[in-house]
Amino acid sequence: MASEKVETVVAGNYVEMEREEEANSTSTKSKLSRLFWHGGSVYDAWFSCASNQVAQVLLTLPYSFSQLGMISGISFQLFYGLLGSWTAYLISVLYVEYRTRKEREKVDFRNHVIQWFEVLDGLLGKHWRNIGLFFNCTFLLFGSVIQLIACASNIYYVNDSLDKRTWTYIFGACCAATVFIPSFHNYRIWSFLGLIMTTFTAWYLTIASLLHGQVEGVTHSGPSKMVLYFTGATNILYTFGGHAVTVEIMHAMWKPQKFKLIYLVATIYVLTLTLPSASAVYWAFGDMLLNRSNAFALLPRTKFRDTAVVLMLIHQFITFGFACTPLYFVWEKFIGVHETKSLLKRALTRLPVVIPIWFLAIIFPFFGPINSTVGSLLVSFTVYIIPAMAHMITFASASSRENAVERPPRFLGGWAGCYSVNIFVVVWVFIVGFGFGGWASMVNFIHQIDTFGLFTKCYQCPKHKV
């Protein structure tokens, strides 16, 4: 009985909104709009999670395999995939706990998108809010930067008449169009198409590498250096740390409490794309990948490769929107226009958010190494350490555990098992991800600056093109 009451509270607003839409919208245009534009189902959330999780990292994972070696590369993907699914589950639990408490207080979120820092504020206070806001916004800022860098890196392999920096200028302007997408509720068709695009690209990389065969004299020396080993490991940490937008995706659902296992199922599907593609490319090209962080650089140009590049470009535009939309929300709340119903007004006020992203992508165009740096310094805290610690502190008292909306799964050993896993996550990620990973990725990042310089015109391009 209690669980039924909680479900009604949590899902109430979205159920009512959907019924209002159905009652007031009977035209063909409205039906099409609901079909392609208004998504809030479990399937929409799954497509959003899977599409957001596997983007340009698909092209850098072979590079990570060359640093880690085949066995470690596969092992880290499975391990961090499981770890990421667990902390995404923790975030979903904390969201439901926060929203349930607020809606029992008659708070209406009809025109307000809940974000992770607000969940931390409501459950743990302003200091946790500030920490969560800093790490989440900084991570999403650089996540958007990485998508922009990836666009320039990929299009260069189709059209090298312009250098990568010029392509960054062009795609920065194109990605600014995401200011017109109101929220994750409106990513239905984009998430669906994005996943199809990455699925095509993953299987293209796999099949093309196997058909190409191993290059003459191929070597697989990884892991050869500790710096490279932990750099590769933190890129995989970054790969499965795409759940910084979990709260926004959940809030776009009609019944957010059904999110529980969505991220795990999305991760399982993503692994069917990343494991074969990374393994096949590394098998074919081996240590050559150490100097080519983008897998497209080593595959011969064909119509299939060009198709994969174009599809990845479109998908990176979508993923840029995924990473940037929470930043848009924060900016809207800061200047006081978040709850306005004027889409144009919100879009115009969002534009300043794109400018620093554009600028940072031009300063640090290091496609591949920047992933590891962001993974170790930001992802490690944003989506691993902070959620695990927040969950432990939120339910530290006996009364909070007794009244919890969502209890830990029994097979894990209840609260004791949950706390054990959380402590392991915090210790492992802090020592291996942030500690060793931070050291290795910074050494590698500084090496890229020393080798290519800031504002480099064409990162990892053939010398005659630079």
# chains A, B, ... in the order shown; residues from 1 in each chain; ligands from 1
call {"tool": "residues_around", "arguments": {"residues": "Phe304 in chain A", "least_positions_apart": "2", "cutoff": "10 Å", "atoms": "only C-alpha atoms", "output": "VMD selection string"}}
result
chain A and resid 200 to 201 204 to 205 208 300 to 302 306 to 310
call {"tool": "write_last_selection", "arguments": {"atoms": "N, CA, C and O atoms", "output": "mmCIF file, in the first residue's frame"}}
result
data_model
loop_
_atom_site.group_PDB
_atom_site.id
_atom_site.type_symbol
_atom_site.label_atom_id
_atom_site.label_comp_id
_atom_site.auth_asym_id
_atom_site.auth_seq_id
_atom_site.Cartn_x
_atom_site.Cartn_y
_atom_site.Cartn_z
ATOM 1 N N PHE A 200 25.672 1.528 -36.411
ATOM 2 C CA PHE A 200 26.255 1.362 -37.747
ATOM 3 C C PHE A 200 27.771 1.564 -37.698
ATOM 4 O O PHE A 200 28.546 0.772 -38.245
ATOM 5 N N THR A 201 28.193 2.643 -37.026
ATOM 6 C CA THR A 201 29.628 2.966 -36.965
ATOM 7 C C THR A 201 30.415 1.876 -36.251
ATOM 8 O O THR A 201 31.509 1.491 -36.694
ATOM 9 N N TYR A 204 30.668 -1.061 -38.501
ATOM 10 C CA TYR A 204 31.573 -0.732 -39.613
ATOM 11 C C TYR A 204 33.025 -0.896 -39.171
ATOM 12 O O TYR A 204 33.841 -1.509 -39.881
ATOM 13 N N LEU A 205 33.371 -0.336 -37.989
ATOM 14 C CA LEU A 205 34.744 -0.454 -37.483
ATOM 15 C C LEU A 205 35.149 -1.916 -37.316
ATOM 16 O O LEU A 205 36.272 -2.315 -37.659
ATOM 17 N N ALA A 208 35.147 -3.683 -41.027
ATOM 18 C CA ALA A 208 36.209 -3.110 -41.865
ATOM 19 C C ALA A 208 37.594 -3.530 -41.366
ATOM 20 O O ALA A 208 38.485 -3.832 -42.172
ATOM 21 N N PRO A 300 41.106 2.615 -44.479
ATOM 22 C CA PRO A 300 41.116 3.208 -45.828
ATOM 23 C C PRO A 300 39.795 3.901 -46.144
ATOM 24 O O PRO A 300 38.735 3.486 -45.677
ATOM 25 N N ARG A 301 39.894 4.950 -46.943
ATOM 26 C CA ARG A 301 38.685 5.702 -47.263
ATOM 27 C C ARG A 301 37.812 4.920 -48.241
ATOM 28 O O ARG A 301 38.252 4.545 -49.329
ATOM 29 N N THR A 302 36.583 4.670 -47.850
ATOM 30 C CA THR A 302 35.588 4.009 -48.688
ATOM 31 C C THR A 302 34.257 4.726 -48.477
ATOM 32 O O THR A 302 34.131 5.575 -47.589
ATOM 33 N N ASP A 306 33.067 6.914 -45.141
ATOM 34 C CA ASP A 306 32.500 8.261 -45.244
ATOM 35 C C ASP A 306 31.102 8.313 -44.645
ATOM 36 O O ASP A 306 30.729 9.286 -43.982
ATOM 37 N N THR A 307 30.325 7.246 -44.862
ATOM 38 C CA THR A 307 28.982 7.181 -44.273
ATOM 39 C C THR A 307 29.066 7.164 -42.756
ATOM 40 O O THR A 307 28.319 7.877 -42.068
ATOM 41 N N ALA A 308 29.995 6.364 -42.222
ATOM 42 C CA ALA A 308 30.172 6.291 -40.767
ATOM 43 C C ALA A 308 30.583 7.644 -40.193
ATOM 44 O O ALA A 308 30.104 8.051 -39.124
ATOM 45 N N VAL A 309 31.465 8.346 -40.896
ATOM 46 C CA VAL A 309 31.904 9.668 -40.438
ATOM 47 C C VAL A 309 30.728 10.637 -40.374
ATOM 48 O O VAL A 309 30.536 11.343 -39.375
ATOM 49 N N VAL A 310 29.928 10.663 -41.422
ATOM 50 C CA VAL A 310 28.782 11.580 -41.473
ATOM 51 C C VAL A 310 27.775 11.244 -40.366
ATOM 52 O O VAL A 310 27.252 12.139 -39.685
#
call {"tool": "residues_around", "arguments": {"residues": "Ile386 in chain A", "least_positions_apart": "5", "cutoff": "10 Å", "atoms": "only C-alpha atoms", "output": "count of residues only"}}
result
13
call {"tool": "residues_around", "arguments": {"residues": "His185 in chain A", "least_positions_apart": "6", "cutoff": "9 Å", "atoms": "only C-alpha atoms", "output": "CSV table (one decimal) with N, CA, C and O atoms, in the first residue's frame"}}
result
chain,number,residue,atom,x,y,z
A,37,TRP,N,8.4,14.1,-31.0
A,37,TRP,CA,8.9,15.2,-30.2
A,37,TRP,C,8.8,15.0,-28.7
A,37,TRP,O,9.7,15.3,-27.9
A,38,HIS,N,7.7,14.4,-28.2
A,38,HIS,CA,7.4,14.3,-26.8
A,38,HIS,C,7.6,12.9,-26.3
A,38,HIS,O,6.7,12.0,-26.5
A,39,GLY,N,8.7,12.7,-25.7
A,39,GLY,CA,9.1,11.3,-25.2
A,39,GLY,C,9.2,11.3,-23.7
A,39,GLY,O,10.0,12.1,-23.2
A,40,GLY,N,8.6,10.3,-23.1
A,40,GLY,CA,8.7,10.2,-21.6
A,40,GLY,C,8.6,8.8,-21.2
A,40,GLY,O,8.4,8.5,-20.0
A,44,ASP,N,12.1,5.6,-24.3
A,44,ASP,CA,12.7,6.9,-24.6
A,44,ASP,C,13.9,7.1,-23.6
A,44,ASP,O,15.0,7.5,-24.1
A,248,GLU,N,18.2,14.6,-15.3
A,248,GLU,CA,17.4,15.3,-16.3
A,248,GLU,C,16.6,14.3,-17.2
A,248,GLU,O,15.5,14.5,-17.6
A,249,ILE,N,17.2,13.1,-17.5
A,249,ILE,CA,16.5,12.1,-18.3
A,249,ILE,C,15.4,11.5,-17.4
A,249,ILE,O,14.3,11.3,-18.0
A,251,HIS,N,13.7,13.0,-15.1
A,251,HIS,CA,12.7,14.0,-14.9
A,251,HIS,C,11.8,14.1,-16.2
A,251,HIS,O,10.7,14.6,-16.1
A,252,ALA,N,12.4,13.7,-17.3
A,252,ALA,CA,11.6,13.8,-18.5
A,252,ALA,C,10.7,12.6,-18.7
A,252,ALA,O,9.9,12.5,-19.6
A,253,MET,N,10.8,11.6,-17.8
A,253,MET,CA,9.9,10.4,-17.8
A,253,MET,C,8.6,10.7,-17.2
A,253,MET,O,8.5,11.4,-16.3
call {"tool": "atom_distance", "arguments": {"atom1": "CA of Leu237 in chain A", "atom2": "CA of Gly375 in chain A"}}
result
6.0 Å
call {"tool": "select_by_dssp", "arguments": {"residues": "range 98-228 of chain A", "states": "alpha helix (DSSP H)", "output": "PyMOL selection string"}}
result
chain A and resi 98-104+116-124+126-155+164-175+188-212+226-228
call {"tool": "residues_around", "arguments": {"residues": "Ser51 in chain A", "least_positions_apart": "5", "cutoff": "6 Å", "atoms": "only C-alpha atoms", "output": "list in words"}}
result
Ser191, Gly194 and Leu195 of chain A
call {"tool": "closest_atom_pairs", "arguments": {"of": "range 26-136 of chain A", "to": "range 320-333 of chain A", "cutoff": "9 Å", "atoms": "only C-alpha atoms", "output": "Markdown table"}}
result
| residue | atom | partner | partner_atom | distance |
| --- | --- | --- | --- | --- |
| A:Ser48 | CA | A:Phe322 | CA | 8.6 |
| A:Asn52 | CA | A:Phe322 | CA | 6.8 |
| A:Val113 | CA | A:Phe329 | CA | 7.6 |
| A:Gln115 | CA | A:Pro326 | CA | 7.6 |
| A:Leu133 | CA | A:Val330 | CA | 9.0 |
call {"tool": "atom_distance", "arguments": {"atom1": "CA of Ala45 in chain A", "atom2": "CA of Asn154 in chain A"}}
result
27.6 Å
call {"tool": "atom_distance", "arguments": {"atom1": "CA of Leu94 in chain A", "atom2": "CA of Lys260 in chain A"}}
result
11.2 Å
call {"tool": "residues_around", "arguments": {"residues": "range 451-453 of chain A", "least_positions_apart": "3", "cutoff": "12 Å", "atoms": "only C-alpha atoms", "output": "short mmCIF file (atom, residue, chain, number, x, y, z; two decimals) with N, CA and C atoms, in the first residue's frame"}}
result
data_model
loop_
_atom_site.label_atom_id
_atom_site.label_comp_id
_atom_site.auth_asym_id
_atom_site.auth_seq_id
_atom_site.Cartn_x
_atom_site.Cartn_y
_atom_site.Cartn_z
N ILE A 362 38.93 25.09 -29.22
CA ILE A 362 40.00 25.62 -30.08
C ILE A 362 41.34 25.62 -29.34
N ILE A 363 41.30 25.85 -28.01
CA ILE A 363 42.54 25.84 -27.22
C ILE A 363 43.11 24.43 -27.08
N PHE A 364 42.22 23.47 -26.72
CA PHE A 364 42.66 22.10 -26.43
C PHE A 364 42.06 21.10 -27.42
N PRO A 365 42.56 21.03 -28.63
CA PRO A 365 41.96 20.14 -29.64
C PRO A 365 42.48 18.70 -29.59
N PHE A 366 42.88 18.25 -28.40
CA PHE A 366 43.58 16.97 -28.27
C PHE A 366 42.58 15.82 -28.17
N ASN A 444 50.25 12.86 -19.83
CA ASN A 444 49.99 12.70 -21.27
C ASN A 444 49.45 13.99 -21.88
N PHE A 445 48.58 14.69 -21.15
CA PHE A 445 47.99 15.93 -21.65
C PHE A 445 49.05 17.01 -21.82
N ILE A 446 49.94 17.11 -20.83
CA ILE A 446 51.03 18.09 -20.91
C ILE A 446 51.96 17.75 -22.07
N HIS A 447 52.16 16.45 -22.30
CA HIS A 447 52.99 16.01 -23.43
C HIS A 447 52.38 16.47 -24.75
N GLN A 448 51.05 16.41 -24.86
CA GLN A 448 50.37 16.86 -26.08
C GLN A 448 50.57 18.36 -26.29
N THR A 456 46.60 24.57 -31.52
CA THR A 456 47.20 23.94 -32.69
C THR A 456 46.20 23.90 -33.85
N LYS A 457 46.69 24.15 -35.02
CA LYS A 457 45.83 24.31 -36.18
C LYS A 457 45.22 23.00 -36.65
N CYS A 458 45.99 21.91 -36.57
CA CYS A 458 45.50 20.63 -37.08
C CYS A 458 46.15 19.49 -36.30
N TYR A 459 45.51 19.08 -35.21
CA TYR A 459 46.05 18.07 -34.30
C TYR A 459 46.14 16.70 -34.98
N GLN A 460 47.34 16.11 -34.93
CA GLN A 460 47.64 14.79 -35.49
C GLN A 460 47.37 14.69 -37.01
N CYS A 461 47.49 15.79 -37.70
CA CYS A 461 47.35 15.78 -39.15
C CYS A 461 48.71 15.44 -39.78
N LYS A 463 52.08 15.93 -41.73
CA LYS A 463 52.90 17.15 -41.66
C LYS A 463 52.70 18.10 -42.82
N VAL A 466 49.71 20.47 -42.12
CA VAL A 466 49.71 21.39 -40.99
C VAL A 466 50.19 22.77 -41.41
#
call {"tool": "residues_around", "arguments": {"residues": "Val227 in chain A", "least_positions_apart": "4", "cutoff": "9 Å", "atoms": "only C-alpha atoms", "output": "list in words"}}
result
Gln67, Thr231, Gly232, Phe436, Gly437, Trp439, Ala440, Ser441, Val443 and Asn444 of chain A
call {"tool": "write_last_selection", "arguments": {"atoms": "N, CA and C atoms", "output": "PDB file, in the first residue's frame"}}
result
ATOM      1  N   GLN A  67      46.948   1.224 -25.411  1.00  0.00           N
ATOM      2  CA  GLN A  67      47.644   1.621 -24.192  1.00  0.00           C
ATOM      3  C   GLN A  67      47.545   0.552 -23.109  1.00  0.00           C
ATOM      4  N   THR A 231      46.278   6.048 -18.381  1.00  0.00           N
ATOM      5  CA  THR A 231      45.598   6.968 -19.298  1.00  0.00           C
ATOM      6  C   THR A 231      44.491   6.239 -20.035  1.00  0.00           C
ATOM      7  N   GLY A 232      44.793   5.041 -20.529  1.00  0.00           N
ATOM      8  CA  GLY A 232      43.788   4.238 -21.214  1.00  0.00           C
ATOM      9  C   GLY A 232      42.649   3.843 -20.297  1.00  0.00           C
ATOM     10  N   PHE A 436      45.979   7.592  -9.646  1.00  0.00           N
ATOM     11  CA  PHE A 436      46.849   7.132 -10.734  1.00  0.00           C
ATOM     12  C   PHE A 436      46.385   7.667 -12.086  1.00  0.00           C
ATOM     13  N   GLY A 437      45.065   7.666 -12.297  1.00  0.00           N
ATOM     14  CA  GLY A 437      44.533   8.158 -13.577  1.00  0.00           C
ATOM     15  C   GLY A 437      44.795   9.630 -13.778  1.00  0.00           C
ATOM     16  N   TRP A 439      47.249  11.421 -12.442  1.00  0.00           N
ATOM     17  CA  TRP A 439      48.688  11.586 -12.709  1.00  0.00           C
ATOM     18  C   TRP A 439      49.014  11.242 -14.163  1.00  0.00           C
ATOM     19  N   ALA A 440      48.548  10.079 -14.616  1.00  0.00           N
ATOM     20  CA  ALA A 440      48.886   9.622 -15.962  1.00  0.00           C
ATOM     21  C   ALA A 440      48.291  10.513 -17.043  1.00  0.00           C
ATOM     22  N   SER A 441      47.030  10.879 -16.877  1.00  0.00           N
ATOM     23  CA  SER A 441      46.362  11.673 -17.916  1.00  0.00           C
ATOM     24  C   SER A 441      46.941  13.084 -17.993  1.00  0.00           C
ATOM     25  N   VAL A 443      50.097  13.899 -17.235  1.00  0.00           N
ATOM     26  CA  VAL A 443      51.404  13.751 -17.881  1.00  0.00           C
ATOM     27  C   VAL A 443      51.220  13.669 -19.398  1.00  0.00           C
ATOM     28  N   ASN A 444      50.254  12.859 -19.828  1.00  0.00           N
ATOM     29  CA  ASN A 444      49.989  12.700 -21.267  1.00  0.00           C
ATOM     30  C   ASN A 444      49.453  13.988 -21.881  1.00  0.00           C
TER      31      ASN A 444
END
call {"tool": "closest_residue", "arguments": {"among": "A:Val374, A:Ser279, A:Phe411, A:Ile170", "to": "Thr138 in chain A", "atoms": "only C-alpha atoms"}}
result
A:Val374
call {"tool": "residues_around", "arguments": {"residues": "Ser376 in chain A", "least_positions_apart": "3", "cutoff": "6 Å", "atoms": "only C-alpha atoms", "output": "PyMOL selection string"}}
result
chain A and resi 234+373+380+433-434+437-438
